[in-house]
Structure formats: C-alpha cells, structure tokens
$ cat query.cif   # mmCIF, C-alpha atoms
data_query
loop_
_atom_site.group_PDB
_atom_site.id
_atom_site.type_symbol
_atom_site.label_atom_id
_atom_site.label_comp_id
_atom_site.auth_asym_id
_atom_site.auth_seq_id
_atom_site.Cartn_x
_atom_site.Cartn_y
_atom_site.Cartn_z
ATOM 1 C CA MET A 51 -0.881 -6.363 15.701
ATOM 2 C CA GLU A 52 0.224 -2.881 16.713
ATOM 3 C CA ARG A 53 2.741 -3.096 13.887
ATOM 4 C CA PHE A 54 0.379 -4.325 11.151
ATOM 5 C CA ILE A 55 0.046 -1.781 8.336
ATOM 6 C CA LEU A 56 -2.259 -2.007 5.319
ATOM 7 C CA ASN A 57 -1.594 0.072 2.193
ATOM 8 C CA LEU A 58 -2.998 0.924 -1.155
ATOM 9 C CA ALA A 59 0.302 1.057 -3.045
ATOM 10 C CA PHE A 60 1.685 1.861 -6.464
ATOM 11 C CA TYR A 61 5.174 0.842 -7.638
ATOM 12 C CA SER A 62 6.522 2.151 -10.926
ATOM 13 C CA MET A 63 7.492 -0.647 -13.261
ATOM 14 C CA PRO A 64 9.433 0.726 -16.210
ATOM 15 C CA LYS A 65 8.741 -1.299 -19.324
ATOM 16 C CA SER A 66 12.438 -1.058 -20.127
ATOM 17 C CA TRP A 67 13.103 -3.577 -17.345
ATOM 18 C CA VAL A 68 10.900 -6.261 -18.883
ATOM 19 C CA SER A 69 10.848 -5.416 -22.566
ATOM 20 C CA SER A 70 13.236 -4.326 -25.250
ATOM 21 C CA SER A 71 10.403 -3.083 -27.464
ATOM 22 C CA GLY A 72 11.515 0.535 -27.110
ATOM 23 C CA GLU A 73 8.052 1.635 -25.966
ATOM 24 C CA GLU A 74 7.872 4.972 -24.232
ATOM 25 C CA TYR A 75 6.889 4.927 -20.585
ATOM 26 C CA THR A 76 6.372 7.422 -17.804
ATOM 27 C CA ILE A 77 7.570 6.897 -14.260
ATOM 28 C CA PHE A 78 5.266 8.635 -11.818
ATOM 29 C CA THR A 79 6.113 10.915 -8.937
ATOM 30 C CA ASN A 80 4.055 11.239 -5.786
ATOM 31 C CA LYS A 81 2.485 14.432 -7.164
ATOM 32 C CA ASP A 82 1.276 12.572 -10.268
ATOM 33 C CA ILE A 83 -0.563 9.969 -8.192
ATOM 34 C CA ASP A 84 -1.925 12.590 -5.760
ATOM 35 C CA LYS A 85 -3.337 14.512 -8.718
ATOM 36 C CA THR A 86 -4.798 11.498 -10.539
ATOM 37 C CA LEU A 87 -6.410 9.967 -7.435
ATOM 38 C CA ARG A 88 -7.253 13.400 -5.960
ATOM 39 C CA THR A 89 -5.888 12.384 -2.569
ATOM 40 C CA GLN A 90 -2.606 12.534 -0.664
ATOM 41 C CA SER A 91 -0.121 9.787 0.004
ATOM 42 C CA THR A 92 0.803 8.929 3.565
ATOM 43 C CA TYR A 93 4.255 7.821 2.394
ATOM 44 C CA TYR A 94 6.189 7.884 -0.874
ATOM 45 C CA PHE A 95 9.578 7.984 -2.480
ATOM 46 C CA ASN A 96 10.340 8.975 -6.039
ATOM 47 C CA ARG A 97 12.841 7.465 -8.439
ATOM 48 C CA GLY A 98 16.285 8.696 -7.376
ATOM 49 C CA ASP A 99 15.326 9.095 -3.698
ATOM 50 C CA LEU A 100 16.696 6.789 -1.001
ATOM 51 C CA ASN A 101 15.201 3.329 -1.511
ATOM 52 C CA PHE A 102 13.076 2.920 1.619
ATOM 53 C CA PHE A 103 12.781 -0.856 1.412
ATOM 54 C CA SER A 104 16.454 -1.682 0.927
ATOM 55 C CA GLN A 105 17.688 1.366 2.900
ATOM 56 C CA PHE A 106 20.582 1.440 0.449
ATOM 57 C CA GLY A 107 21.184 3.611 -2.563
ATOM 58 C CA LYS A 108 18.875 5.479 -4.865
ATOM 59 C CA ALA A 109 15.588 3.922 -5.867
ATOM 60 C CA ALA A 110 15.263 2.854 -9.497
ATOM 61 C CA TYR A 111 11.490 3.070 -9.113
ATOM 62 C CA SER A 112 8.856 5.247 -7.476
ATOM 63 C CA TYR A 113 6.557 4.189 -4.630
ATOM 64 C CA TRP A 114 3.317 5.765 -3.408
ATOM 65 C CA CYS A 115 1.010 4.514 -0.669
ATOM 66 C CA GLN A 116 -1.862 5.416 1.547
ATOM 67 C CA SER A 117 -1.559 3.477 4.827
ATOM 68 C CA VAL A 118 -3.745 2.615 7.781
ATOM 69 C CA SER A 119 -2.828 1.105 11.127
ATOM 70 C CA LEU A 120 -4.676 0.085 14.272
ATOM 71 C CA THR A 121 -5.288 2.331 17.265
ATOM 72 C CA LYS A 122 -4.559 1.100 20.788
ATOM 73 C CA GLU A 123 -8.291 0.697 21.360
ATOM 74 C CA GLU A 124 -8.678 -1.421 18.215
ATOM 75 C CA ILE A 125 -5.731 -3.590 19.220
ATOM 76 C CA ALA A 126 -7.274 -4.211 22.647
ATOM 77 C CA TRP A 127 -10.659 -4.952 21.062
ATOM 78 C CA CYS A 128 -9.082 -7.549 18.712
ATOM 79 C CA ASN A 129 -7.918 -9.574 21.717
ATOM 80 C CA ASP A 130 -5.053 -11.173 19.714
ATOM 81 C CA SER A 131 -7.262 -12.126 16.745
ATOM 82 C CA HIS A 132 -5.231 -11.537 13.599
ATOM 83 C CA ASP A 133 -8.312 -12.191 11.465
ATOM 84 C CA LEU A 134 -10.184 -9.409 13.223
ATOM 85 C CA ALA A 135 -7.206 -7.035 13.023
ATOM 86 C CA VAL A 136 -6.806 -7.541 9.270
ATOM 87 C CA GLY A 137 -10.571 -7.110 8.800
ATOM 88 C CA ILE A 138 -10.501 -3.791 10.680
ATOM 89 C CA LEU A 139 -7.548 -2.579 8.599
ATOM 90 C CA PHE A 140 -9.348 -3.423 5.350
ATOM 91 C CA ASN A 141 -12.470 -1.631 6.544
ATOM 92 C CA LYS A 142 -10.463 1.477 7.529
ATOM 93 C CA LEU A 143 -8.626 1.597 4.211
ATOM 94 C CA ARG A 144 -11.830 1.043 2.225
ATOM 95 C CA LEU A 145 -13.600 3.843 4.148
ATOM 96 C CA ASN A 146 -10.655 6.247 3.782
ATOM 97 C CA LEU A 147 -10.555 5.672 0.033
ATOM 98 C CA GLN A 148 -14.342 6.082 -0.231
ATOM 99 C CA GLU A 149 -14.157 9.378 1.687
ATOM 100 C CA ASP A 150 -11.486 10.560 -0.783
ATOM 101 C CA SER A 151 -13.612 9.293 -3.720
ATOM 102 C CA VAL A 152 -10.846 6.962 -4.891
ATOM 103 C CA THR A 153 -12.609 4.655 -7.328
ATOM 104 C CA ALA A 154 -11.666 1.758 -9.568
ATOM 105 C CA GLY A 155 -11.855 4.257 -12.436
ATOM 106 C CA ARG A 156 -9.291 6.567 -10.878
ATOM 107 C CA ILE A 157 -7.012 3.635 -10.127
ATOM 108 C CA LYS A 158 -7.396 2.516 -13.755
ATOM 109 C CA ASN A 159 -6.425 6.057 -14.853
ATOM 110 C CA VAL A 160 -3.177 5.728 -12.904
ATOM 111 C CA ASP A 161 -2.551 2.367 -14.548
ATOM 112 C CA GLU A 162 -3.217 3.797 -18.021
ATOM 113 C CA GLN A 163 -0.997 6.859 -17.512
ATOM 114 C CA PHE A 164 1.951 5.131 -15.879
ATOM 115 C CA ASP A 165 3.648 1.785 -16.158
ATOM 116 C CA CYS A 166 3.049 0.609 -12.600
ATOM 117 C CA ARG A 167 2.006 -2.167 -10.291
ATOM 118 C CA ARG A 168 -0.945 -1.428 -8.014
ATOM 119 C CA GLN A 169 -1.901 -3.486 -5.007
ATOM 120 C CA ILE A 170 -3.091 -3.765 -1.470
ATOM 121 C CA GLU A 171 -0.209 -4.740 0.773
ATOM 122 C CA LEU A 172 -0.116 -5.883 4.364
ATOM 123 C CA PHE A 173 3.165 -5.337 6.189
ATOM 124 C CA TYR A 174 3.856 -7.029 9.490
ATOM 125 C CA PRO A 175 6.897 -7.624 11.721
ATOM 126 C CA ALA A 176 9.529 -10.165 10.766
ATOM 127 C CA ASP A 177 9.299 -11.699 14.247
ATOM 128 C CA ASN A 178 5.541 -12.310 13.947
ATOM 129 C CA ARG A 179 4.435 -15.529 12.316
ATOM 130 C CA ALA A 180 0.983 -14.099 11.757
ATOM 131 C CA MET A 181 -1.746 -16.258 10.351
ATOM 132 C CA PHE A 182 -4.835 -14.530 9.079
ATOM 133 C CA LYS A 183 -7.637 -14.970 6.619
ATOM 134 C CA LEU A 184 -9.075 -12.488 4.198
ATOM 135 C CA GLN A 185 -12.817 -12.125 4.292
ATOM 136 C CA ARG A 186 -14.899 -12.466 1.144
ATOM 137 C CA ILE A 187 -15.985 -8.814 1.390
ATOM 138 C CA ASP A 188 -12.333 -7.723 1.265
ATOM 139 C CA LEU A 189 -11.510 -10.086 -1.606
ATOM 140 C CA ASN A 190 -14.535 -8.823 -3.556
ATOM 141 C CA TRP A 191 -13.579 -5.202 -2.898
ATOM 142 C CA MET A 192 -10.028 -5.803 -4.145
ATOM 143 C CA ALA A 193 -11.401 -7.550 -7.242
ATOM 144 C CA ASP A 194 -13.841 -4.674 -7.884
ATOM 145 C CA MET A 195 -10.966 -2.192 -7.572
ATOM 146 C CA HIS A 196 -8.721 -4.364 -9.806
ATOM 147 C CA LEU A 197 -6.099 -4.675 -7.060
ATOM 148 C CA ASP A 198 -3.789 -7.549 -6.204
ATOM 149 C CA PHE A 199 -2.809 -8.456 -2.638
ATOM 150 C CA GLU A 200 0.648 -8.946 -1.182
ATOM 151 C CA PHE A 201 1.859 -9.452 2.362
ATOM 152 C CA ARG A 202 5.406 -9.284 3.570
ATOM 153 C CA MET A 203 7.521 -8.901 6.620
ATOM 154 C CA LEU A 204 9.472 -5.736 7.365
ATOM 155 C CA SER A 205 11.963 -4.836 10.054
ATOM 156 C CA ASP A 206 10.699 -3.002 13.114
ATOM 157 C CA SER A 207 12.469 0.204 12.087
ATOM 158 C CA LEU A 208 10.778 0.260 8.672
ATOM 159 C CA LEU A 209 7.392 -0.556 10.197
ATOM 160 C CA GLU A 210 7.768 2.254 12.718
ATOM 161 C CA GLU A 211 8.612 4.703 9.940
ATOM 162 C CA LEU A 212 5.547 3.695 7.916
ATOM 163 C CA LYS A 213 3.333 3.744 11.006
ATOM 164 C CA LYS A 214 4.384 7.336 11.782
ATOM 165 C CA HIS A 215 2.858 8.345 8.470
ATOM 166 C CA SER A 216 -0.218 6.075 8.516
ATOM 167 C CA MET A 217 -3.779 7.012 9.360
ATOM 168 C CA SER A 218 -4.822 5.435 12.657
#

$ encode --input "query.cif" --output "structure tokens"
Amino acid sequence: MERFILNLAFYSMPKSWVSSSGEEYTIFTNKDIDKTLRTQSTYYFNRGDLNFFSQFGKAAYSYWCQSVSLTKEEIAWCNDSHDLAVGILFNKLRLNLQEDSVTAGRIKNVDEQFDCRRQIELFYPADNRAMFKLQRIDLNWMADMHLDFEFRMLSDSLLEELKKHSMS
C-alpha cells in the first residue's frame, strides 16, 4: 500500500492518430493544464520529452497529473486493507482538488481546448496482486467530474519516481 498512487491525469490524444479527417488539434503542455485548472501538476512530461512510462525515446503525447499517496500513519491505520487504502486516496485527491477549486467545469474546459483523455488512475506495484473495491461515493464523484477510472501496475522504480512528486 505504501506504493499505491492515485492521480487525476490527462493524456493528449492527437486526433491525427485516430482520424484522417484533417481536423486541427492542439496538444497541451503542462503549463496549459496548470493555467486552465488553476493548479499545479505534481508530475508531467510534454510531447518530445522522455516517455516516462516506456522509459524509452521521446513521448509522442503529453501527460499531466496531480498525485496523492499514503503517509506512513495512514498505511499503519489501514492494517493491510486495500479497500480502506484506496478510499483514503480518493478522499485525499478529492479534497486536494476541492481546495484548488478544480471543478467538472474546469476539467470540461481542458477537454474542449485540447484533444485529450482525462481520468482517475490508480498505480500499484507489479508484484502486488491487489484486490480492492471502489466505494459508491468515489464512483459518483468520478461520474460528476466526468472522469473515467483506470488501474495499472508499474515497476517499483517508476512508482518511486511518481511518489517523490505526490502529495502525501
């Protein structure tokens, strides 16, 4: 659980990858998202930067996230309950975004300005076969914010890098 990380994330999705319609599109940078949401990322890479997830070559897309992780006290309090850990992470992220006045409207503005995918993502270690449930309050919040959910495993080195930048 000490390596669980929950993010609000945006991935640029150039229309040119999925359509030959010739539509114009804008790929965001971290500064664009910071400005539109009126908050700061905890981690990002822009198109042309090193691709964090593959750790190989230049990224063909941009990535922006605001991350939260558990403190040592929260981990101890969870007593190995993944359900409780995920619930705490959702609550922390929701509160951080509320404090920064990040609303569904601001997220929609990002979506309207840029061709992107927006979601809540839970990263956890590849060696952890975590089982967890999402609570109705968290599902409702994601629906209200028009956000999808994704979970995936990352290597320990990538998790440590993200955790260094997350809000505990």

$ residues_around --input "query.cif" --residues "A:Ala154" --least-positions-apart "2" --cutoff "6 Å" --atoms "only C-alpha atoms" --output "VMD selection string"
chain A and resid 156 to 157 195

$ closest_atom_pairs --input "query.cif" --of "stretch 84-143 of chain A" --to "stretch 196-211 of chain A" --cutoff "12 Å" --atoms "all atoms listed in the file" --output "Markdown table"
| residue | atom | partner | partner_atom | distance |
| --- | --- | --- | --- | --- |
| A:Thr92 | CA | A:Glu211 | CA | 10.9 |
| A:Tyr93 | CA | A:Glu211 | CA | 9.3 |
| A:Tyr94 | CA | A:Glu211 | CA | 11.5 |
| A:Asn101 | CA | A:Leu208 | CA | 11.5 |
| A:Phe102 | CA | A:Leu208 | CA | 7.9 |
| A:Phe103 | CA | A:Leu208 | CA | 7.6 |
| A:Ser104 | CA | A:Leu208 | CA | 9.8 |
| A:Gln105 | CA | A:Leu208 | CA | 9.1 |
| A:Ser117 | CA | A:Leu209 | CA | 11.2 |
| A:Val118 | CA | A:Leu209 | CA | 11.8 |
| A:Ser119 | CA | A:Leu209 | CA | 10.4 |
| A:Val136 | CA | A:Phe201 | CA | 11.2 |
| A:Phe140 | CA | A:Phe199 | CA | 11.5 |

$ resolve_selection --input "query.cif" --expression "the PyMOL selection byres ((chain A and resi 134) around 12)" --output "ChimeraX atom specification"
/A:51,54,120,124-133,135-141,181-185

$ closest_residue --input "query.cif" --among "A:Pro175, A:Glu123, A:Asp165, A:Ala193" --to "A:Ser218" --atoms "only C-alpha atoms"
A:Glu123

$ resolve_selection --input "query.cif" --expression "the PyMOL selection byres ((chain A and resi 76-87) around 7)" --output "list of chain:residue names"
A:Ser62, A:Pro64, A:Tyr75, A:Arg88, A:Thr89, A:Gln90, A:Ser91, A:Tyr94, A:Asn96, A:Ser112, A:Trp114, A:Val152, A:Arg156, A:Ile157, A:Val160, A:Phe164, A:Asp165

$ atom_distance --input "query.cif" --atom1 "atom CA of A:Asp150" --atom2 "atom CA of A:Met192"
16.8 Å

$ atom_distance --input "query.cif" --atom1 "atom CA of A:Asp161" --atom2 "atom CA of A:Arg186"
24.9 Å

$ closest_residue --input "query.cif" --among "A:Asp99, A:Tyr113, A:Gly155, A:Leu56" --to "A:Arg168" --atoms "only C-alpha atoms"
A:Tyr113

$ atom_distance --input "query.cif" --atom1 "atom CA of A:Cys115" --atom2 "atom CA of A:Asn178"
22.7 Å

$ closest_residue --input "query.cif" --among "A:Met217, A:Gly107, A:Asn159, A:Asp177" --to "A:Asn146" --atoms "only C-alpha atoms"
A:Met217

$ resolve_selection --input "query.cif" --expression "the PyMOL selection byres ((chain A and resi 57) around 9)" --output "ChimeraX atom specification"
/A:55-56,58-59,115-118,143,169-173,216

$ closest_residue --input "query.cif" --among "A:Thr121, A:Cys166, A:Ser151, A:Tyr61" --to "A:Phe95" --atoms "only C-alpha atoms"
A:Tyr61

$ closest_residue --input "query.cif" --among "A:Trp191, A:Gly98, A:Ala180, A:Met63" --to "A:Leu145" --atoms "all atoms listed in the file"
A:Trp191

$ decode --input "query.cif" --residues "stretch 133-160 of chain A" --atoms "N, CA, C and O atoms" --output "PDB file, in the first residue's frame"
ATOM      1  N   ASP A 133      -9.066  -1.928   0.432  1.00  0.00           N
ATOM      2  CA  ASP A 133     -10.285  -1.127   0.270  1.00  0.00           C
ATOM      3  C   ASP A 133     -10.164   0.199   1.015  1.00  0.00           C
ATOM      4  O   ASP A 133     -10.489   1.263   0.473  1.00  0.00           O
ATOM      5  N   LEU A 134      -9.693   0.131   2.242  1.00  0.00           N
ATOM      6  CA  LEU A 134      -9.534   1.334   3.048  1.00  0.00           C
ATOM      7  C   LEU A 134      -8.468   2.251   2.451  1.00  0.00           C
ATOM      8  O   LEU A 134      -8.655   3.467   2.377  1.00  0.00           O
ATOM      9  N   ALA A 135      -7.366   1.675   1.996  1.00  0.00           N
ATOM     10  CA  ALA A 135      -6.287   2.475   1.403  1.00  0.00           C
ATOM     11  C   ALA A 135      -6.780   3.233   0.170  1.00  0.00           C
ATOM     12  O   ALA A 135      -6.522   4.433   0.018  1.00  0.00           O
ATOM     13  N   VAL A 136      -7.487   2.545  -0.711  1.00  0.00           N
ATOM     14  CA  VAL A 136      -7.997   3.193  -1.923  1.00  0.00           C
ATOM     15  C   VAL A 136      -9.015   4.272  -1.554  1.00  0.00           C
ATOM     16  O   VAL A 136      -9.027   5.360  -2.140  1.00  0.00           O
ATOM     17  N   GLY A 137      -9.852   4.008  -0.560  1.00  0.00           N
ATOM     18  CA  GLY A 137     -10.816   5.006  -0.093  1.00  0.00           C
ATOM     19  C   GLY A 137     -10.130   6.263   0.434  1.00  0.00           C
ATOM     20  O   GLY A 137     -10.567   7.386   0.151  1.00  0.00           O
ATOM     21  N   ILE A 138      -9.059   6.088   1.191  1.00  0.00           N
ATOM     22  CA  ILE A 138      -8.308   7.238   1.717  1.00  0.00           C
ATOM     23  C   ILE A 138      -7.685   8.031   0.569  1.00  0.00           C
ATOM     24  O   ILE A 138      -7.723   9.266   0.558  1.00  0.00           O
ATOM     25  N   LEU A 139      -7.117   7.328  -0.410  1.00  0.00           N
ATOM     26  CA  LEU A 139      -6.516   8.020  -1.553  1.00  0.00           C
ATOM     27  C   LEU A 139      -7.562   8.838  -2.316  1.00  0.00           C
ATOM     28  O   LEU A 139      -7.302   9.985  -2.692  1.00  0.00           O
ATOM     29  N   PHE A 140      -8.727   8.259  -2.551  1.00  0.00           N
ATOM     30  CA  PHE A 140      -9.786   9.012  -3.236  1.00  0.00           C
ATOM     31  C   PHE A 140     -10.182  10.248  -2.436  1.00  0.00           C
ATOM     32  O   PHE A 140     -10.363  11.332  -2.997  1.00  0.00           O
ATOM     33  N   ASN A 141     -10.322  10.089  -1.137  1.00  0.00           N
ATOM     34  CA  ASN A 141     -10.700  11.223  -0.293  1.00  0.00           C
ATOM     35  C   ASN A 141      -9.635  12.320  -0.343  1.00  0.00           C
ATOM     36  O   ASN A 141      -9.952  13.507  -0.457  1.00  0.00           O
ATOM     37  N   LYS A 142      -8.361  11.941  -0.285  1.00  0.00           N
ATOM     38  CA  LYS A 142      -7.271  12.926  -0.344  1.00  0.00           C
ATOM     39  C   LYS A 142      -7.264  13.667  -1.677  1.00  0.00           C
ATOM     40  O   LYS A 142      -7.118  14.893  -1.718  1.00  0.00           O
ATOM     41  N   LEU A 143      -7.416  12.918  -2.770  1.00  0.00           N
ATOM     42  CA  LEU A 143      -7.409  13.557  -4.083  1.00  0.00           C
ATOM     43  C   LEU A 143      -8.605  14.486  -4.231  1.00  0.00           C
ATOM     44  O   LEU A 143      -8.465  15.626  -4.679  1.00  0.00           O
ATOM     45  N   ARG A 144      -9.772  14.020  -3.829  1.00  0.00           N
ATOM     46  CA  ARG A 144     -10.992  14.841  -3.905  1.00  0.00           C
ATOM     47  C   ARG A 144     -10.820  16.131  -3.108  1.00  0.00           C
ATOM     48  O   ARG A 144     -11.129  17.220  -3.600  1.00  0.00           O
ATOM     49  N   LEU A 145     -10.281  16.035  -1.892  1.00  0.00           N
ATOM     50  CA  LEU A 145     -10.078  17.225  -1.049  1.00  0.00           C
ATOM     51  C   LEU A 145      -9.034  18.169  -1.647  1.00  0.00           C
ATOM     52  O   LEU A 145      -9.214  19.392  -1.626  1.00  0.00           O
ATOM     53  N   ASN A 146      -7.941  17.613  -2.172  1.00  0.00           N
ATOM     54  CA  ASN A 146      -6.921  18.461  -2.807  1.00  0.00           C
ATOM     55  C   ASN A 146      -7.499  19.228  -3.983  1.00  0.00           C
ATOM     56  O   ASN A 146      -7.221  20.417  -4.161  1.00  0.00           O
ATOM     57  N   LEU A 147      -8.289  18.556  -4.801  1.00  0.00           N
ATOM     58  CA  LEU A 147      -8.884  19.220  -5.964  1.00  0.00           C
ATOM     59  C   LEU A 147      -9.915  20.260  -5.534  1.00  0.00           C
ATOM     60  O   LEU A 147     -10.005  21.331  -6.132  1.00  0.00           O
ATOM     61  N   GLN A 148     -10.676  19.963  -4.473  1.00  0.00           N
ATOM     62  CA  GLN A 148     -11.634  20.950  -3.957  1.00  0.00           C
ATOM     63  C   GLN A 148     -10.915  22.184  -3.430  1.00  0.00           C
ATOM     64  O   GLN A 148     -11.345  23.309  -3.681  1.00  0.00           O
ATOM     65  N   GLU A 149      -9.816  21.977  -2.702  1.00  0.00           N
ATOM     66  CA  GLU A 149      -9.032  23.109  -2.183  1.00  0.00           C
ATOM     67  C   GLU A 149      -8.504  23.980  -3.309  1.00  0.00           C
ATOM     68  O   GLU A 149      -8.402  25.197  -3.173  1.00  0.00           O
ATOM     69  N   ASP A 150      -8.155  23.358  -4.448  1.00  0.00           N
ATOM     70  CA  ASP A 150      -7.648  24.096  -5.610  1.00  0.00           C
ATOM     71  C   ASP A 150      -8.777  24.572  -6.525  1.00  0.00           C
ATOM     72  O   ASP A 150      -8.513  25.111  -7.600  1.00  0.00           O
ATOM     73  N   SER A 151     -10.025  24.333  -6.114  1.00  0.00           N
ATOM     74  CA  SER A 151     -11.213  24.720  -6.894  1.00  0.00           C
ATOM     75  C   SER A 151     -11.230  24.102  -8.284  1.00  0.00           C
ATOM     76  O   SER A 151     -11.682  24.719  -9.254  1.00  0.00           O
ATOM     77  N   VAL A 152     -10.731  22.883  -8.397  1.00  0.00           N
ATOM     78  CA  VAL A 152     -10.810  22.149  -9.666  1.00  0.00           C
ATOM     79  C   VAL A 152     -12.212  21.546  -9.729  1.00  0.00           C
ATOM     80  O   VAL A 152     -12.579  20.723  -8.904  1.00  0.00           O
ATOM     81  N   THR A 153     -12.974  21.986 -10.708  1.00  0.00           N
ATOM     82  CA  THR A 153     -14.362  21.568 -10.855  1.00  0.00           C
ATOM     83  C   THR A 153     -14.560  20.781 -12.147  1.00  0.00           C
ATOM     84  O   THR A 153     -13.680  20.756 -13.020  1.00  0.00           O
ATOM     85  N   ALA A 154     -15.733  20.177 -12.262  1.00  0.00           N
ATOM     86  CA  ALA A 154     -16.086  19.487 -13.500  1.00  0.00           C
ATOM     87  C   ALA A 154     -16.044  20.473 -14.667  1.00  0.00           C
ATOM     88  O   ALA A 154     -15.636  20.111 -15.777  1.00  0.00           O
ATOM     89  N   GLY A 155     -16.435  21.714 -14.432  1.00  0.00           N
ATOM     90  CA  GLY A 155     -16.395  22.730 -15.474  1.00  0.00           C
ATOM     91  C   GLY A 155     -14.988  23.015 -15.967  1.00  0.00           C
ATOM     92  O   GLY A 155     -14.761  23.159 -17.171  1.00  0.00           O
ATOM     93  N   ARG A 156     -14.056  23.113 -15.060  1.00  0.00           N
ATOM     94  CA  ARG A 156     -12.659  23.347 -15.459  1.00  0.00           C
ATOM     95  C   ARG A 156     -12.095  22.141 -16.214  1.00  0.00           C
ATOM     96  O   ARG A 156     -11.346  22.297 -17.168  1.00  0.00           O
ATOM     97  N   ILE A 157     -12.452  20.954 -15.754  1.00  0.00           N
ATOM     98  CA  ILE A 157     -11.997  19.751 -16.450  1.00  0.00           C
ATOM     99  C   ILE A 157     -12.607  19.715 -17.850  1.00  0.00           C
ATOM    100  O   ILE A 157     -11.930  19.380 -18.822  1.00  0.00           O
ATOM    101  N   LYS A 158     -13.870  20.094 -17.963  1.00  0.00           N
ATOM    102  CA  LYS A 158     -14.521  20.155 -19.283  1.00  0.00           C
ATOM    103  C   LYS A 158     -13.818  21.182 -20.180  1.00  0.00           C
ATOM    104  O   LYS A 158     -13.660  20.953 -21.380  1.00  0.00           O
ATOM    105  N   ASN A 159     -13.377  22.309 -19.601  1.00  0.00           N
ATOM    106  CA  ASN A 159     -12.640  23.307 -20.386  1.00  0.00           C
ATOM    107  C   ASN A 159     -11.361  22.720 -20.977  1.00  0.00           C
ATOM    108  O   ASN A 159     -11.017  23.012 -22.122  1.00  0.00           O
ATOM    109  N   VAL A 160     -10.662  21.907 -20.190  1.00  0.00           N
ATOM    110  CA  VAL A 160      -9.459  21.247 -20.707  1.00  0.00           C
ATOM    111  C   VAL A 160      -9.845  20.353 -21.881  1.00  0.00           C
ATOM    112  O   VAL A 160      -9.206  20.370 -22.935  1.00  0.00           O
TER     113      VAL A 160
END
